[in-house]
Number of protein chains: 2
Amino acid sequence: MNDWDDYRLILAIARSGSLRSAAGELGLTHTTVSRRLAALQARRGLVFDKVPGGYAPSPLGEALIEVAQEMEELSLKGERFERASNPDLAGPIRLSLPEAIAQFLLLEDLVEFSQTHSAIDLQIETSSRFADLDRSEADVVVRGAKDPPGHLVGRRLFPNCVTYYGHRDYLASTPPEKLRWIAPSPEARTPGWLEKSPYPDAPIVLSLDDVTARHRALVTGLGLSRGACFMADPEPDLIRLPGSEPEPLQDIWVLTHPDLRETPRVRALMEHIIQAMLRKKDLVTGALG
Amino acid sequence: MNDWDDYRLILAIARSGSLRSAAGELGLTHTTVSRRLAALQARRGLVFDKVPGGYAPSPLGEALIEVAQEMEELSLKGERFERASNPDLAGPIRLSLPEAIAQFLLLEDLVEFSQTHSAIDLQIETSSRFADLDRSEADVVVRGAKDPPGHLVGRRLFPNCVTYYGHRDYLASTPPEKLRWIAPSPEARTPGWLEKSPYPDAPIVLSLDDVTARHRALVTGLGLSRGACFMADPEPDLIRLPGSEPEPLQDIWVLTHPDLRETPRVRALMEHIIQAMLRKKDLVTGALG
DNA sequence: ATTCATTGGCACATATTCGCACCAATTATC
DNA sequence: GATAATTGGTGCGAATATGTGCCAATGAAT
């Protein structure tokens, strides 16, 4: 009785191209995947051809891969129903959010939530990309976004604002023509950010994509940087550069999948995060500077 | 790795209500089904409540049953892709048709087809109801129908015609007031058939729903009957009752599922059946009487 | 061209799953 | 109410599935 699970096999091999990596995805060994594929093809016909570099689907394989993809969507839906089914404030929640928001904005609030609801297993997953809630990569996501997927439900908050900062000692001890920038790598930079800064002619001498690393470099006085107000304004040694005003980036959203919208623990977490964020609106939008 | 096959378990229990009958459907023993259900519920939560008389789905169970139903449809689609994938005139075909058409009309033609295409495994399943091709109950169906499912593809042939018959010796030796009818059970009778017959006042003394059994009784001279021309006209000892003309019942169709329409062996079988039926049109429509 | 990493296949061992036989409880039939 | 049929649960053994360790082949990196 493995007919339907064979579709998982088909999908894993299709996606990864090798028995060993498919085995990794499935929680098996490559030996088992090899046997299962052989048995499957003995029953149903050729599904994958062995080609140089891996496995390529046969025409039947192509058709079955599509069926498998739809089955996976159904399986994910079932998982959501399962996760949604607990009527108590208990059970697991996976929360996805940027590392910066986790560390510098919401950490205490999340700890507080966990302490208040000890039956809830809060699993915080920091990530730099938008978790796919359709694939159950998370139950709740907090993230700045321009146009999040329209079917997700939740709350659009306010913009994440940034402006230009320097360490007070660095600014005091560095002549203007010797100032230097710390910035993201070229492909991650916002167009025009440097031209709008108070020192557009200062060179970029340190490229750091990691937001928290960039913040650490700024706080250490290694150069100037454009940073999020909620990270920089609380630092007593960081001051805004002359004439710098907060500028909005993307709006921050708190979202979940529609199948989970009524789940009590998900509602409780989202409400808690939203209230916490609303209390810190002035900090996030730079209104305290 | 049984996650997706668990949906088969869920569906089987939902449909049958007991572990033993679910086990029958799944090809397992009730012991295995019991263990699998326990394991499933340990992982995912309560899916079925044990109630007097069987198992009832929990709210989560209801949701997962719907997912399971959709998975089953996908699985059936996959099966059709598998069956459709053979480019040769080889492999299995399941043909569903009424027992009467099988025995009295197409048997020789089907044997001929099998002999001509020895690599095709023709599995003839006689049935009194329309096979569900969406559920892969058959690959090809031959049947009289008023409105077959619109998405099936194939050929509408001509009507299956019936009229009134008696055995020549029975008619010769029985005074008119002693004549008797053999008919289907009351709920299976066509309204008005008796009134339109040459002996509307003769009583029905034998009710037989099985078409071939009714035919056997007629041929044996146990009474009068309304029967299919293709069954009765070839019998040398059966004669039409005075004034009886062939009347059309439902049209006969030869149909397959759209996913199988291009499959060579399916096309070959349907063409063979259609040609055989066209050669017997006069017999089926009673034009030979 | 050489070296390193990854791959698929295989013999053997281990773990897991399944079936059998039996029993008590429940339900259906008379 | 009695009897028969069907049910779910359990212990034990059999069957099946999976993992381990190893090897040769292939592909990637130097």
# chains A, B, ... in the order shown; residues from 1 in each chain; ligands from 1
call {"tool": "interface_residues", "arguments": {"of": "chain A", "to": "chain C", "cutoff": "10 Å", "atoms": "only C-alpha atoms (C1' of nucleotides)", "output": "tab-separated table (two decimals) with C-alpha atoms, in the first residue's frame"}}
result
chain	number	residue	atom	x	y	z
A	18	SER	CA	19.58	12.30	-7.91
A	19	LEU	CA	18.72	9.37	-5.71
A	20	ARG	CA	20.84	10.63	-2.86
A	30	HIS	CA	19.47	6.34	-1.48
A	31	THR	CA	19.29	2.54	-1.40
A	34	SER	CA	16.54	3.20	-5.69
A	53	GLY	CA	24.02	13.97	-14.89
A	54	GLY	CA	20.96	12.43	-13.34
call {"tool": "interface_residues", "arguments": {"of": "chain D", "to": "chain A", "cutoff": "8 Å", "atoms": "only C-alpha atoms (C1' of nucleotides)", "output": "mmCIF file with N, CA and C atoms (P, O5', C5', C4', C3', O3' and C1' of nucleotides), in the first residue's frame"}}
result
data_model
loop_
_atom_site.group_PDB
_atom_site.id
_atom_site.type_symbol
_atom_site.label_atom_id
_atom_site.label_comp_id
_atom_site.auth_asym_id
_atom_site.auth_seq_id
_atom_site.Cartn_x
_atom_site.Cartn_y
_atom_site.Cartn_z
ATOM 1 P P DT D 18 10.531 1.339 2.609
ATOM 2 O "O5'" DT D 18 11.847 1.405 3.499
ATOM 3 C "C5'" DT D 18 11.721 1.498 4.923
ATOM 4 C "C4'" DT D 18 13.080 1.341 5.551
ATOM 5 C "C3'" DT D 18 14.161 2.220 4.917
ATOM 6 O "O3'" DT D 18 14.576 3.147 5.892
ATOM 7 C "C1'" DT D 18 14.929 -0.008 5.285
ATOM 8 P P DG D 19 15.786 4.134 5.603
ATOM 9 O "O5'" DG D 19 17.034 3.359 6.223
ATOM 10 C "C5'" DG D 19 16.968 2.908 7.577
ATOM 11 C "C4'" DG D 19 18.295 2.320 7.993
ATOM 12 C "C3'" DG D 19 19.504 3.166 7.606
ATOM 13 O "O3'" DG D 19 20.412 3.126 8.699
ATOM 14 C "C1'" DG D 19 19.704 1.000 6.651
ATOM 15 P P DG D 27 29.028 11.419 -16.015
ATOM 16 O "O5'" DG D 27 29.376 12.632 -15.039
ATOM 17 C "C5'" DG D 27 28.538 12.870 -13.913
ATOM 18 C "C4'" DG D 27 29.164 13.917 -13.026
ATOM 19 C "C3'" DG D 27 29.645 15.170 -13.770
ATOM 20 O "O3'" DG D 27 29.210 16.293 -13.012
ATOM 21 C "C1'" DG D 27 31.399 14.261 -12.464
#
call {"tool": "interface_residues", "arguments": {"of": "chain A", "to": "chain B", "cutoff": "8 Å", "atoms": "only C-alpha atoms", "output": "VMD selection string"}}
result
chain A and resid 1 to 5 8 26 to 27 44 to 45 59 to 60 63 to 64 67 70 to 71 74 to 75 77 to 78 81 to 82 85
call {"tool": "select_by_dssp", "arguments": {"residues": "stretch 11-251 of chain A", "states": "alpha helix (DSSP H)", "output": "VMD selection string"}}
result
chain A and resid 11 to 16 19 to 26 30 to 44 59 to 84 99 to 101 107 to 116 168 to 173 211 to 219 229 to 232
call {"tool": "select_by_dssp", "arguments": {"residues": "stretch 20-78 of chain B", "states": "strand (DSSP E or B)", "output": "PyMOL selection string"}}
result
chain B and resi 48-51+54-57
call {"tool": "atom_distance", "arguments": {"atom1": "atom CA of B:Glu177", "atom2": "atom CA of B:Gly227"}}
result
21.5 Å
call {"tool": "atom_distance", "arguments": {"atom1": "atom CA of A:Pro87", "atom2": "atom CA of A:Glu112"}}
result
21.6 Å
call {"tool": "residues_around", "arguments": {"residues": "B:Gly91", "least_positions_apart": "5", "cutoff": "10 Å", "atoms": "only C-alpha atoms (C1' of nucleotides)", "output": "ChimeraX atom specification"}}
result
/B:83-84,86,117-122,265-266
call {"tool": "write_last_selection", "arguments": {"atoms": "all heavy atoms", "output": "tab-separated table (two decimals), in the first residue's frame"}}
result
chain	number	residue	atom	x	y	z
B	83	ARG	N	-2.12	4.17	-17.84
B	83	ARG	CA	-2.74	3.27	-18.81
B	83	ARG	C	-2.66	3.84	-20.22
B	83	ARG	O	-2.56	3.11	-21.19
B	83	ARG	CB	-4.21	3.00	-18.46
B	83	ARG	CG	-4.40	2.41	-17.08
B	83	ARG	CD	-5.87	2.21	-16.77
B	83	ARG	NE	-6.40	1.04	-17.43
B	83	ARG	CZ	-6.27	-0.19	-16.96
B	83	ARG	NH1	-5.61	-0.41	-15.84
B	83	ARG	NH2	-6.79	-1.20	-17.62
B	84	ALA	N	-2.67	5.16	-20.31
B	84	ALA	CA	-2.65	5.79	-21.62
B	84	ALA	C	-1.26	5.81	-22.23
B	84	ALA	O	-1.10	6.10	-23.41
B	84	ALA	CB	-3.18	7.21	-21.51
B	86	ASN	N	1.04	3.62	-22.88
B	86	ASN	CA	1.62	2.58	-23.74
B	86	ASN	C	1.35	2.91	-25.22
B	86	ASN	O	0.21	2.91	-25.65
B	86	ASN	CB	1.02	1.23	-23.38
B	86	ASN	CG	1.82	0.09	-23.97
B	86	ASN	OD1	2.52	0.26	-24.96
B	86	ASN	ND2	1.71	-1.07	-23.36
B	117	HIS	N	-5.12	-9.26	-31.53
B	117	HIS	CA	-4.17	-8.47	-30.74
B	117	HIS	C	-3.79	-9.24	-29.50
B	117	HIS	O	-4.28	-8.97	-28.40
B	117	HIS	CB	-4.80	-7.13	-30.36
B	117	HIS	CG	-5.23	-6.32	-31.53
B	117	HIS	ND1	-4.35	-5.67	-32.36
B	117	HIS	CD2	-6.47	-6.05	-32.04
B	117	HIS	CE1	-5.00	-5.03	-33.33
B	117	HIS	NE2	-6.29	-5.26	-33.16
B	118	SER	N	-2.91	-10.19	-29.68
B	118	SER	CA	-2.62	-11.07	-28.55
B	118	SER	C	-1.83	-10.39	-27.45
B	118	SER	O	-1.74	-10.90	-26.34
B	118	SER	CB	-1.86	-12.31	-29.03
B	118	SER	OG	-0.70	-11.89	-29.72
B	119	ALA	N	-1.27	-9.22	-27.75
B	119	ALA	CA	-0.53	-8.50	-26.70
B	119	ALA	C	-1.45	-7.64	-25.84
B	119	ALA	O	-1.02	-7.06	-24.85
B	119	ALA	CB	0.56	-7.64	-27.32
B	120	ILE	N	-2.71	-7.55	-26.25
B	120	ILE	CA	-3.68	-6.77	-25.47
B	120	ILE	C	-4.40	-7.70	-24.51
B	120	ILE	O	-4.89	-8.76	-24.90
B	120	ILE	CB	-4.70	-6.05	-26.39
B	120	ILE	CG1	-3.98	-5.01	-27.24
B	120	ILE	CG2	-5.79	-5.42	-25.55
B	120	ILE	CD1	-4.90	-4.28	-28.19
B	121	ASP	N	-4.43	-7.31	-23.27
B	121	ASP	CA	-5.09	-8.10	-22.23
B	121	ASP	C	-6.50	-7.54	-22.04
B	121	ASP	O	-6.71	-6.59	-21.29
B	121	ASP	CB	-4.28	-8.00	-20.92
B	121	ASP	CG	-4.98	-8.69	-19.77
B	121	ASP	OD1	-5.90	-9.50	-20.04
B	121	ASP	OD2	-4.62	-8.42	-18.62
B	122	LEU	N	-7.44	-8.13	-22.76
B	122	LEU	CA	-8.82	-7.62	-22.74
B	122	LEU	C	-9.57	-8.22	-21.55
B	122	LEU	O	-9.75	-9.42	-21.49
B	122	LEU	CB	-9.52	-7.95	-24.05
B	122	LEU	CG	-10.94	-7.42	-24.21
B	122	LEU	CD1	-10.97	-5.91	-24.10
B	122	LEU	CD2	-11.51	-7.90	-25.54
B	265	ARG	N	-4.30	1.15	-28.14
B	265	ARG	CA	-5.10	-0.05	-27.97
B	265	ARG	C	-6.55	0.25	-27.65
B	265	ARG	O	-7.44	-0.51	-28.03
B	265	ARG	CB	-4.49	-0.96	-26.90
B	265	ARG	CG	-4.57	-0.42	-25.48
B	265	ARG	CD	-3.81	-1.31	-24.53
B	265	ARG	NE	-3.97	-0.86	-23.15
B	265	ARG	CZ	-3.32	0.16	-22.61
B	265	ARG	NH1	-2.45	0.87	-23.32
B	265	ARG	NH2	-3.52	0.50	-21.35
B	266	VAL	N	-6.78	1.39	-27.00
B	266	VAL	CA	-8.17	1.78	-26.73
B	266	VAL	C	-8.85	2.16	-28.03
B	266	VAL	O	-10.00	1.78	-28.28
B	266	VAL	CB	-8.20	2.92	-25.70
B	266	VAL	CG1	-9.58	3.55	-25.62
B	266	VAL	CG2	-7.76	2.41	-24.33
call {"tool": "residues_around", "arguments": {"residues": "A:Ala12", "least_positions_apart": "5", "cutoff": "8 Å", "atoms": "only C-alpha atoms (C1' of nucleotides)", "output": "PyMOL selection string"}}
result
chain A and resi 22-23+25-26
call {"tool": "write_last_selection", "arguments": {"atoms": "N, CA, C and O atoms", "output": "PDB file, in the first residue's frame"}}
result
ATOM      1  N   ALA A  22      17.257  13.080  -3.403  1.00  0.00           N
ATOM      2  CA  ALA A  22      15.846  12.736  -3.190  1.00  0.00           C
ATOM      3  C   ALA A  22      15.671  12.016  -1.861  1.00  0.00           C
ATOM      4  O   ALA A  22      14.739  12.272  -1.113  1.00  0.00           O
ATOM      5  N   ALA A  23      16.613  11.112  -1.573  1.00  0.00           N
ATOM      6  CA  ALA A  23      16.546  10.382  -0.310  1.00  0.00           C
ATOM      7  C   ALA A  23      16.589  11.344   0.873  1.00  0.00           C
ATOM      8  O   ALA A  23      15.868  11.178   1.858  1.00  0.00           O
ATOM      9  N   GLU A  25      15.550  14.411   0.960  1.00  0.00           N
ATOM     10  CA  GLU A  25      14.259  15.079   1.093  1.00  0.00           C
ATOM     11  C   GLU A  25      13.213  14.175   1.715  1.00  0.00           C
ATOM     12  O   GLU A  25      12.326  14.643   2.421  1.00  0.00           O
ATOM     13  N   LEU A  26      13.288  12.888   1.413  1.00  0.00           N
ATOM     14  CA  LEU A  26      12.243  11.968   1.851  1.00  0.00           C
ATOM     15  C   LEU A  26      12.529  11.351   3.213  1.00  0.00           C
ATOM     16  O   LEU A  26      11.682  10.635   3.737  1.00  0.00           O
TER      17      LEU A  26
END
call {"tool": "atom_distance", "arguments": {"atom1": "atom CA of A:Ile252", "atom2": "atom CA of A:Lys280"}}
result
12.3 Å
